[in-house]
Every structure is written in C-alpha cells, then in structure tokens.
Amino acid sequence: MLVGITGGIGSGKTTVANLFSQFENIEVYHADDEAKKLMNTSETIRERIIEEFSDEAYLEEGLNRPFLAKIVFEQKEKLKILNNIVHPEVYKHLNEFVNFHNDKEYILYENAILFENGSHKICDKIISVSVPQDIRVERVMKRDGVSKKAVLSRIKNQWLDIKKTIQSHYLIVNMDLELVKEEVLKIHNKLT
C-alpha cells in the first residue's frame, strides 16, 4: 500500500513523516530529498535542466539551487517545466523503492506537492499535515533564512490547505508534538 503524506511548506510534514519512521513494518520515501539527489546524479535531469535554464543551473559542486529557485518561484510556468523534468525520474525511483520494500505493510510517500503534481492518484490513502499560515511562514523564515515575501511566494505556488484536506483520508494538525505523536500512532494502527 502506498500512503501519501503532504502539507504546505512549513507545515511540518517531514517531522510527521519522521515520526512514522519509528515503525519497523513501514518505509518512508521523502520525495523532496530524493528529487534533490536525482537532480545532482541523473544525467538525464542535468542535461534537460541545462537545456531549459542554461549552464548557470549547475556549479562544479552540483545544482545551483539559489539560481533555479529564483527563477521558478517568480515564474510559475518555469516551475511547471522544472517539475516536468524532475518528476518522471522521481516516479521511476519511487517505483524501484516500493518494489524493493514490498515486504512492508505500507510505504509512506512524503511529497510536498502530492496534489499539485498529480501524485495523489497513485496513493491508496492520503494524510495531510496542516498548521495556520502565519506559523508556516515563521517556521520557513527561521529554517531557510529567507524573507516573508519569499515564503509567501512559495506558498502561492501550492494548493490551499483546505483543498488538500478535503481530498485526504486523514488530517494531522501539527501544533502540539505530543498530540501529533498520538495521531501518528492512531493512523498507523488504522493503516495496518
């Protein structure tokens, strides 16, 4: 079974996904982390990104993230192009991961843009992680050292929480860590 977990930037979905990783009978696939790795290791992705965004997209040490981020968060159509380059390779990698771990009760598939890129269609169940926007903005500013304007720009490229929530099977409000831990256990028990 493939269980998607998503939430807007700064919602704490990675923290929640990491709480699920305590269970030995599941595996967690972090799509954002794997996409970052693939953007540095896949020749297919590298060639297509350079073709679309120029040689500046890569430095000697790898992907020029600030250069690409500035482009894609200011130009929605460029974000769509980047996603169309990266996501097919991530799907291939996810399928390999799922097949490798076919002995597990379920794979938790953490993906920030699960709905936005259509990944929800391959999931058997979906968990949304939510928190008020002002808290999300604060968390991201602190975590990434970016301005409020930069965070709001990223947020506007994602679906509203309510749109995700009504299409999800489970909702975790990430305000209190102890309550979140209880919810994670309840959801895990239902899934298994």
# chains A, B, ... in the order shown; residues from 1 in each chain; ligands from 1
>>> residues_around(residues="range 156-163 of chain A", least_positions_apart="5", cutoff="10 Å", atoms="only C-alpha atoms", output="count of residues only")
24
>>> residues_around(residues="range 12-29 of chain A", least_positions_apart="2", cutoff="10 Å", atoms="only C-alpha atoms", output="JSON, numbers by chain")
{"A": [1, 2, 3, 4, 5, 6, 7, 8, 9, 10, 31, 32, 33, 34, 93, 94, 97, 98, 101, 102, 103, 104, 105, 106, 107, 108, 109, 110, 111, 112, 127, 128, 129, 130, 131, 136, 139, 140, 172, 173, 174, 175, 177, 180, 181, 183, 184, 185, 187, 188, 192]}
>>> select_by_dssp(residues="range 25-71 of chain A", states="strand (DSSP E or B)", output="JSON list (two decimals) with N, CA, C and O atoms, in the first residue's frame")
[["chain", "number", "residue", "atom", "x", "y", "z"],
["A", 26, "ILE", "N", 7.11, -0.41, 8.14],
["A", 26, "ILE", "CA", 6.89, 0.51, 7.02],
["A", 26, "ILE", "C", 8.23, 1.10, 6.57],
["A", 26, "ILE", "O", 9.23, 0.95, 7.26],
["A", 27, "GLU", "N", 8.20, 1.78, 5.43],
["A", 27, "GLU", "CA", 9.35, 2.55, 4.96],
["A", 27, "GLU", "C", 8.84, 3.92, 4.55],
["A", 27, "GLU", "O", 7.67, 4.06, 4.14],
["A", 28, "VAL", "N", 9.69, 4.93, 4.67],
["A", 28, "VAL", "CA", 9.32, 6.30, 4.30],
["A", 28, "VAL", "C", 10.15, 6.74, 3.11],
["A", 28, "VAL", "O", 11.38, 6.58, 3.10],
["A", 29, "TYR", "N", 9.48, 7.25, 2.09],
["A", 29, "TYR", "CA", 10.14, 7.79, 0.90],
["A", 29, "TYR", "C", 9.94, 9.31, 0.90],
["A", 29, "TYR", "O", 8.81, 9.79, 0.83],
["A", 30, "HIS", "N", 11.04, 10.06, 1.02],
["A", 30, "HIS", "CA", 10.98, 11.52, 1.04],
["A", 30, "HIS", "C", 11.22, 12.03, -0.38],
["A", 30, "HIS", "O", 12.37, 12.12, -0.83],
["A", 58, "TYR", "N", 23.92, 24.70, -13.00],
["A", 58, "TYR", "CA", 24.83, 23.82, -12.27],
["A", 58, "TYR", "C", 26.16, 24.50, -12.03],
["A", 58, "TYR", "O", 26.67, 25.21, -12.89],
["A", 59, "LEU", "N", 26.69, 24.27, -10.84],
["A", 59, "LEU", "CA", 28.03, 24.73, -10.48],
["A", 59, "LEU", "C", 28.92, 23.48, -10.41],
["A", 59, "LEU", "O", 28.41, 22.35, -10.55],
["A", 62, "GLY", "N", 27.57, 20.97, -8.03],
["A", 62, "GLY", "CA", 26.24, 20.43, -8.28],
["A", 62, "GLY", "C", 25.23, 21.51, -8.64],
["A", 62, "GLY", "O", 25.59, 22.59, -9.11],
["A", 63, "LEU", "N", 23.98, 21.19, -8.38],
["A", 63, "LEU", "CA", 22.87, 22.06, -8.74],
["A", 63, "LEU", "C", 23.00, 23.44, -8.10],
["A", 63, "LEU", "O", 23.30, 23.55, -6.92]]
>>> residues_around(residues="Arg48 in chain A", least_positions_apart="5", cutoff="12 Å", atoms="only C-alpha atoms", output="list in words")
Met39, Ser42, Glu43, Phe53, Ser54, Asp55, Ala57, Tyr58, Ile81, Leu82, Asn83, Asn84, Ile85, Val86 and Glu89 of chain A
>>> decode(residues="range 70-86 of chain A", atoms="N, CA and C atoms", output="PDB file, in the first residue's frame")
ATOM      1  N   LYS A  70      15.171  31.132  -7.654  1.00  0.00           N
ATOM      2  CA  LYS A  70      14.765  32.491  -8.014  1.00  0.00           C
ATOM      3  C   LYS A  70      13.888  32.484  -9.270  1.00  0.00           C
ATOM      4  N   ILE A  71      14.273  31.681 -10.240  1.00  0.00           N
ATOM      5  CA  ILE A  71      13.504  31.601 -11.497  1.00  0.00           C
ATOM      6  C   ILE A  71      12.141  30.964 -11.271  1.00  0.00           C
ATOM      7  N   VAL A  72      12.130  29.776 -10.660  1.00  0.00           N
ATOM      8  CA  VAL A  72      10.874  29.015 -10.598  1.00  0.00           C
ATOM      9  C   VAL A  72       9.857  29.578  -9.619  1.00  0.00           C
ATOM     10  N   PHE A  73      10.314  30.281  -8.583  1.00  0.00           N
ATOM     11  CA  PHE A  73       9.336  30.844  -7.661  1.00  0.00           C
ATOM     12  C   PHE A  73       8.811  32.191  -8.125  1.00  0.00           C
ATOM     13  N   GLU A  74       9.442  32.761  -9.136  1.00  0.00           N
ATOM     14  CA  GLU A  74       8.943  34.011  -9.713  1.00  0.00           C
ATOM     15  C   GLU A  74       8.153  33.785 -10.995  1.00  0.00           C
ATOM     16  N   GLN A  75       8.379  32.648 -11.652  1.00  0.00           N
ATOM     17  CA  GLN A  75       7.717  32.357 -12.925  1.00  0.00           C
ATOM     18  C   GLN A  75       7.072  30.967 -12.845  1.00  0.00           C
ATOM     19  N   LYS A  76       5.765  30.955 -12.646  1.00  0.00           N
ATOM     20  CA  LYS A  76       5.041  29.697 -12.463  1.00  0.00           C
ATOM     21  C   LYS A  76       5.263  28.711 -13.601  1.00  0.00           C
ATOM     22  N   GLU A  77       5.316  29.217 -14.840  1.00  0.00           N
ATOM     23  CA  GLU A  77       5.483  28.320 -15.990  1.00  0.00           C
ATOM     24  C   GLU A  77       6.852  27.627 -15.951  1.00  0.00           C
ATOM     25  N   LYS A  78       7.850  28.299 -15.390  1.00  0.00           N
ATOM     26  CA  LYS A  78       9.186  27.686 -15.271  1.00  0.00           C
ATOM     27  C   LYS A  78       9.182  26.592 -14.192  1.00  0.00           C
ATOM     28  N   LEU A  79       8.409  26.800 -13.137  1.00  0.00           N
ATOM     29  CA  LEU A  79       8.270  25.774 -12.110  1.00  0.00           C
ATOM     30  C   LEU A  79       7.634  24.525 -12.705  1.00  0.00           C
ATOM     31  N   LYS A  80       6.634  24.718 -13.518  1.00  0.00           N
ATOM     32  CA  LYS A  80       5.962  23.591 -14.182  1.00  0.00           C
ATOM     33  C   LYS A  80       6.951  22.828 -15.072  1.00  0.00           C
ATOM     34  N   ILE A  81       7.791  23.564 -15.800  1.00  0.00           N
ATOM     35  CA  ILE A  81       8.796  22.943 -16.663  1.00  0.00           C
ATOM     36  C   ILE A  81       9.780  22.125 -15.832  1.00  0.00           C
ATOM     37  N   LEU A  82      10.259  22.712 -14.737  1.00  0.00           N
ATOM     38  CA  LEU A  82      11.206  22.007 -13.866  1.00  0.00           C
ATOM     39  C   LEU A  82      10.574  20.731 -13.307  1.00  0.00           C
ATOM     40  N   ASN A  83       9.337  20.832 -12.837  1.00  0.00           N
ATOM     41  CA  ASN A  83       8.640  19.657 -12.309  1.00  0.00           C
ATOM     42  C   ASN A  83       8.477  18.582 -13.382  1.00  0.00           C
ATOM     43  N   ASN A  84       8.197  18.991 -14.607  1.00  0.00           N
ATOM     44  CA  ASN A  84       8.040  18.028 -15.704  1.00  0.00           C
ATOM     45  C   ASN A  84       9.354  17.334 -16.058  1.00  0.00           C
ATOM     46  N   ILE A  85      10.460  17.961 -15.735  1.00  0.00           N
ATOM     47  CA  ILE A  85      11.775  17.346 -15.958  1.00  0.00           C
ATOM     48  C   ILE A  85      12.083  16.360 -14.829  1.00  0.00           C
ATOM     49  N   VAL A  86      11.857  16.791 -13.594  1.00  0.00           N
ATOM     50  CA  VAL A  86      12.296  16.021 -12.425  1.00  0.00           C
ATOM     51  C   VAL A  86      11.332  14.899 -12.044  1.00  0.00           C
TER      52      VAL A  86
END
